[in-house]
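See below for data.cif, which holds mmCIF, C-alpha atoms.
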data_coords
loop_
_atom_site.label_atom_id
_atom_site.label_comp_id
_atom_site.auth_asym_id
_atom_site.auth_seq_id
_atom_site.Cartn_x
_atom_site.Cartn_y
_atom_site.Cartn_z
CA MET A 1 68.79 83.33 137.74
CA ASP A 2 69.32 85.36 140.88
CA LYS A 3 71.12 88.67 141.19
CA SER A 4 74.37 87.09 142.33
CA GLU A 5 74.47 84.78 139.31
CA ALA A 6 73.66 87.69 137.03
CA LEU A 7 76.54 89.64 138.57
CA GLN A 8 78.97 86.82 137.80
CA LYS A 9 77.78 86.66 134.21
CA VAL A 10 78.01 90.42 133.76
CA ASN A 11 81.44 90.46 135.41
CA ALA A 12 82.69 87.95 132.83
CA ILE A 13 81.32 90.14 130.04
CA PHE A 14 83.07 93.20 131.43
CA ILE A 15 86.35 91.28 131.75
CA ASP A 16 86.12 90.25 128.11
CA VAL A 17 85.05 93.61 126.69
CA LEU A 18 87.42 95.70 128.79
CA ASP A 19 90.33 93.22 128.62
CA ASP A 20 90.79 93.38 132.36
CA GLU A 21 91.19 89.95 133.94
CA ASP A 22 91.37 91.46 137.42
CA LEU A 23 88.11 93.37 137.22
CA VAL A 24 85.72 92.57 140.05
CA LEU A 25 82.33 94.24 139.93
CA ASP A 26 79.93 94.59 142.81
CA TYR A 27 76.46 96.07 143.01
CA THR A 28 77.79 99.55 143.73
CA THR A 29 80.37 99.67 140.93
CA SER A 30 79.82 102.55 138.52
CA ALA A 31 81.60 103.79 135.41
CA ASP A 32 83.59 106.17 137.60
CA ASP A 33 85.16 103.18 139.34
CA VAL A 34 86.35 101.40 136.19
CA GLU A 35 89.05 103.17 134.21
CA ASP A 36 88.15 101.84 130.77
CA TRP A 37 84.38 102.04 131.13
CA ASP A 38 84.10 105.00 128.77
CA SER A 39 81.39 105.96 126.31
CA LEU A 40 82.66 103.76 123.46
CA ASN A 41 83.20 100.73 125.67
CA HIS A 42 79.78 101.34 127.21
CA ILE A 43 78.24 100.64 123.79
CA GLN A 44 80.17 97.36 123.54
CA LEU A 45 79.20 96.40 127.09
CA VAL A 46 75.49 97.03 126.55
CA VAL A 47 75.43 95.14 123.25
CA ALA A 48 77.32 92.23 124.80
CA VAL A 49 74.94 92.10 127.79
CA GLU A 50 71.91 92.22 125.49
CA LYS A 51 73.26 89.29 123.49
CA ALA A 52 74.32 87.24 126.51
CA PHE A 53 70.96 87.57 128.26
CA LYS A 54 68.90 87.65 125.02
CA ILE A 55 67.19 90.88 126.06
CA ARG A 56 66.85 94.42 124.75
CA PHE A 57 67.26 97.61 126.69
CA THR A 58 65.79 100.99 125.92
CA SER A 59 67.85 104.16 125.95
CA GLN A 60 65.79 105.36 128.93
CA GLU A 61 66.71 102.24 130.88
CA ILE A 62 70.44 102.50 130.36
CA GLN A 63 70.41 106.20 131.16
CA SER A 64 68.70 105.46 134.47
CA TRP A 65 71.44 103.14 135.76
CA ASN A 66 73.69 104.58 138.43
CA ASN A 67 75.63 101.40 139.09
CA VAL A 68 75.98 97.73 138.21
CA GLY A 69 73.29 96.75 140.72
CA GLU A 70 70.71 98.83 138.88
CA MET A 71 71.82 97.29 135.59
CA LEU A 72 71.30 93.84 137.11
CA ASP A 73 67.86 94.79 138.42
CA CYS A 74 66.94 95.86 134.90
CA ILE A 75 68.26 92.62 133.42
CA LEU A 76 66.34 90.51 135.92
CA SER A 77 63.16 92.53 135.41
CA LYS A 78 63.16 91.30 131.82
CA GLY A 79 62.95 87.68 132.96
CA ALA A 80 66.55 86.82 132.19
CA MET B 1 66.37 104.25 114.04
CA ILE B 2 66.92 104.30 110.31
CA PHE B 3 68.62 100.88 110.31
CA LYS B 4 66.68 97.63 110.58
CA ASN B 5 67.71 94.04 111.09
CA GLY B 6 68.03 92.37 107.69
CA ASP B 7 68.64 95.55 105.69
CA SER B 8 71.00 94.70 102.83
CA PHE B 9 73.43 96.89 100.90
CA ASP B 10 75.25 96.09 97.66
CA ARG B 11 78.12 97.85 95.92
CA LYS B 12 80.82 97.15 93.38
CA PHE B 13 84.44 97.99 94.08
CA LEU B 14 87.16 97.95 91.44
CA VAL B 15 90.77 97.37 92.41
CA THR B 16 92.34 99.93 90.11
CA GLU B 17 95.95 100.90 89.54
CA THR B 18 95.17 104.10 91.42
CA VAL B 19 93.96 102.20 94.48
CA TYR B 20 96.87 99.75 94.37
CA ASN B 21 99.56 102.36 93.79
CA GLY B 22 98.01 104.68 96.35
CA PHE B 23 98.06 101.95 98.98
CA ILE B 24 101.74 101.24 98.35
CA ALA B 25 102.62 104.94 98.26
CA THR B 26 100.83 105.49 101.55
CA PHE B 27 101.80 102.43 103.57
CA LYS B 28 105.07 101.33 101.90
CA ASP B 29 104.17 97.63 101.88
CA THR B 30 106.17 96.47 98.86
CA ASN B 31 106.33 92.81 99.84
CA PRO B 32 107.08 90.84 96.65
CA LEU B 33 103.78 88.96 96.90
CA HIS B 34 102.15 92.29 96.14
CA THR B 35 104.68 93.79 93.74
CA ASP B 36 106.60 91.03 91.94
CA GLU B 37 104.58 89.12 89.35
CA ALA B 38 107.13 86.31 88.99
CA PHE B 39 107.40 85.87 92.76
CA ALA B 40 103.63 85.66 93.15
CA ILE B 41 103.28 83.16 90.30
CA ALA B 42 106.13 81.05 91.71
CA HIS B 43 104.12 80.78 94.91
CA GLY B 44 101.03 79.51 93.16
CA PHE B 45 99.09 82.70 92.50
CA GLU B 46 97.87 84.03 89.17
CA GLY B 47 99.74 87.29 89.59
CA ARG B 48 100.47 89.98 92.11
CA VAL B 49 98.14 89.57 95.09
CA MET B 50 96.49 92.78 96.17
CA HIS B 51 96.96 93.84 99.77
CA GLY B 52 94.08 92.49 101.83
CA ASN B 53 93.83 95.76 103.63
CA ILE B 54 92.79 97.50 100.43
CA LEU B 55 89.44 95.87 101.22
CA ASN B 56 89.44 97.64 104.56
CA GLY B 57 89.62 100.87 102.61
CA PHE B 58 86.52 99.85 100.69
CA LEU B 59 84.82 99.03 103.99
CA SER B 60 85.71 102.43 105.33
CA TYR B 61 84.23 104.04 102.23
CA PHE B 62 81.07 101.95 102.56
CA ILE B 63 80.52 102.91 106.18
CA GLY B 64 81.53 106.51 105.79
CA GLU B 65 79.94 107.35 102.45
CA CYS B 66 77.30 104.81 101.40
CA LEU B 67 74.98 104.47 104.37
CA PRO B 68 71.82 106.56 104.65
CA ASP B 69 73.22 108.26 107.78
CA LYS B 70 76.64 109.93 107.83
CA ASN B 71 76.67 110.28 111.63
CA VAL B 72 78.53 107.01 112.07
CA ILE B 73 81.68 105.69 113.66
CA ILE B 74 83.23 102.25 113.28
CA LEU B 75 83.46 100.59 116.68
CA SER B 76 84.86 97.20 115.77
CA GLN B 77 85.68 95.13 112.75
CA GLU B 78 86.69 91.56 111.93
CA ILE B 79 87.77 90.46 108.49
CA GLN B 80 88.89 87.18 106.94
CA PHE B 81 90.78 86.90 103.67
CA LYS B 82 89.69 83.70 101.93
CA LYS B 83 91.03 84.01 98.40
CA PRO B 84 93.46 86.28 96.57
CA VAL B 85 92.34 89.48 94.92
CA TYR B 86 94.09 90.63 91.77
CA LEU B 87 94.60 93.95 90.08
CA HIS B 88 91.54 95.08 88.09
CA ASP B 89 89.23 92.64 89.91
CA GLU B 90 85.71 93.98 90.27
CA LEU B 91 84.47 92.92 93.67
CA LEU B 92 80.82 92.53 94.54
CA PHE B 93 80.27 93.71 98.07
CA ASN B 94 77.24 92.89 100.21
CA ALA B 95 76.53 93.91 103.77
CA GLN B 96 73.54 92.84 105.84
CA ILE B 97 72.49 94.17 109.20
CA THR B 98 72.55 91.39 111.78
CA ASN B 99 71.90 93.29 114.99
CA VAL B 100 70.53 96.67 115.98
CA SER B 101 70.81 97.87 119.55
CA GLU B 102 68.45 100.80 119.85
CA ALA B 103 69.52 101.57 123.40
CA VAL B 104 73.08 102.51 122.49
CA LYS B 105 72.49 103.17 118.77
CA ALA B 106 74.83 100.38 117.63
CA VAL B 107 74.43 98.48 114.37
CA GLU B 108 76.22 95.30 113.31
CA PHE B 109 76.74 94.11 109.75
CA LYS B 110 78.08 90.93 108.25
CA PHE B 111 79.71 91.45 104.89
CA THR B 112 81.22 89.59 101.97
CA PHE B 113 83.35 90.53 98.99
CA LYS B 114 82.99 88.24 95.98
CA ASN B 115 85.40 88.08 93.05
CA PRO B 116 84.38 88.07 89.38
CA ALA B 117 84.00 84.26 89.57
CA GLY B 118 81.43 84.67 92.35
CA LYS B 119 83.69 83.25 95.03
CA VAL B 120 83.87 84.86 98.45
CA VAL B 121 87.33 86.42 98.75
CA SER B 122 86.72 88.08 102.08
CA LYS B 123 84.08 88.17 104.78
CA GLY B 124 83.62 89.58 108.21
CA GLN B 125 81.65 91.77 110.54
CA ILE B 126 81.56 95.46 111.37
CA GLN B 127 79.94 97.19 114.30
CA ILE B 128 79.18 100.87 114.01
CA GLY B 129 77.75 103.45 116.35
CA LEU B 130 75.46 106.31 115.41
CA LEU B 131 76.75 109.61 116.68
CA ALA B 132 74.45 111.61 118.91
#

Once more with this new file: its structure as structure tokens, please.
Amino acid sequence: MDKSEALQKVNAIFIDVLDDEDLVLDYTTSADDVEDWDSLNHIQLVVAVEKAFKIRFTSQEIQSWNNVGEMLDCILSKGA
Amino acid sequence: MIFKNGDSFDRKFLVTETVYNGFIATFKDTNPLHTDEAFAIAHGFEGRVMHGNILNGFLSYFIGECLPDKNVIILSQEIQFKKPVYLHDELLFNAQITNVSEAVKAVEFKFTFKNPAGKVVSKGQIQIGLLA
């Protein structure tokens, strides 16, 4: 899977979790850009991504992300 | 993380008059299925059917009071009602941890309530978060 494919998959997860059919993520999107990406939804998003890609994150990893692109880099670094 | 995949928890919950009357007094659901014995029997039940959401109260108690960590918040919940529950039923509750996400301190359980005959009357899933 390349980064573009991972972005599409993560975008679908965000649409489902945040109930926003119009949501379009790009590599620079951050929580500040998405109205409903708050601390509680962040938990749901991370759990959903872990399940979808069959990976586990550490708390240090998720705290290091500044945007969706960095999340994707982390996902891909785990061989997803 | 105090919670581990596969951890299992058991409790008994009794549907008492106090629980039943308290639910009606609080939420005002006096639908005849729940309050009229003859109506419930005429529709094929053994008696007044307890409100399914009484079980949600038991779930709230389980999460809030019975876990080894009180720093918890319910994030999501799904519940199915499979069979009727009657007044004075003693329900056997079991919850098993099915997923632990260390990164965001989220824990998921699947649960069942069984009636005195050993039949599953309700089942579902709960996701909780551990407060920082």

Legend entry - Picked residues, the PyMOL selection byres ((chain A and resi 30) around 12), expected as a PyMOL selection string: chain A and resi 24-29+31-38+42+65-71

Would you compute the box with edges along x, y and z of the file around segment 8-23 of chain A, including every atom the file lists for it and 8 Å extra on each side, and give its centre and edge lengths in Å to one decimal, as JSON?
{"center_x": 84.6, "center_y": 91.2, "center_z": 132.2, "size_x": 29.6, "size_y": 25.0, "size_z": 27.1}

Legend entry - 8 Å contacts from chain B to chain A using all atoms listed in the file, as a list in words: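 Listing them in order of chain and number gives Leu75, Ser101, Glu102, Ala103, Val104, Ala106 and Gly129 of chain B.
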
Legend entry - Reference answer for the PyMOL selection byres ((chain B and resi 117) around 12), as a VMD selection string: chain B and resid 83 to 85 89 to 92 113 to 116 118 to 121

Inset, instruction - Using the chain letters and numbers from the file, give me the residues hit by the PyMOL selection byres ((chain B and resi 52) around 10), as a PyMOL selection string. - result: chain B and resi 34+49-51+53-57+79-85+121-122

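The space separating atom CA of Ile126 of chain B from atom CA of Glu17 of chain B comes to 26.7 Å.
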
Legend entry - Exercise: Ala80 of chain A partners within 10 Å, only C-alpha atoms, chain neighbours under 5 positions left out, as JSON, numbers by chain: {"A": [1, 2, 6, 52, 53, 54, 55, 72, 74, 75]}

Legend entry - Coordinates-based distance that separates atom CA of Ile74 of chain B from atom CA of His88 of chain B (Å, one decimal):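 Between atom CA of His88 of chain B and atom CA of Ile74 of chain B the gap works out to 27.5 Å.
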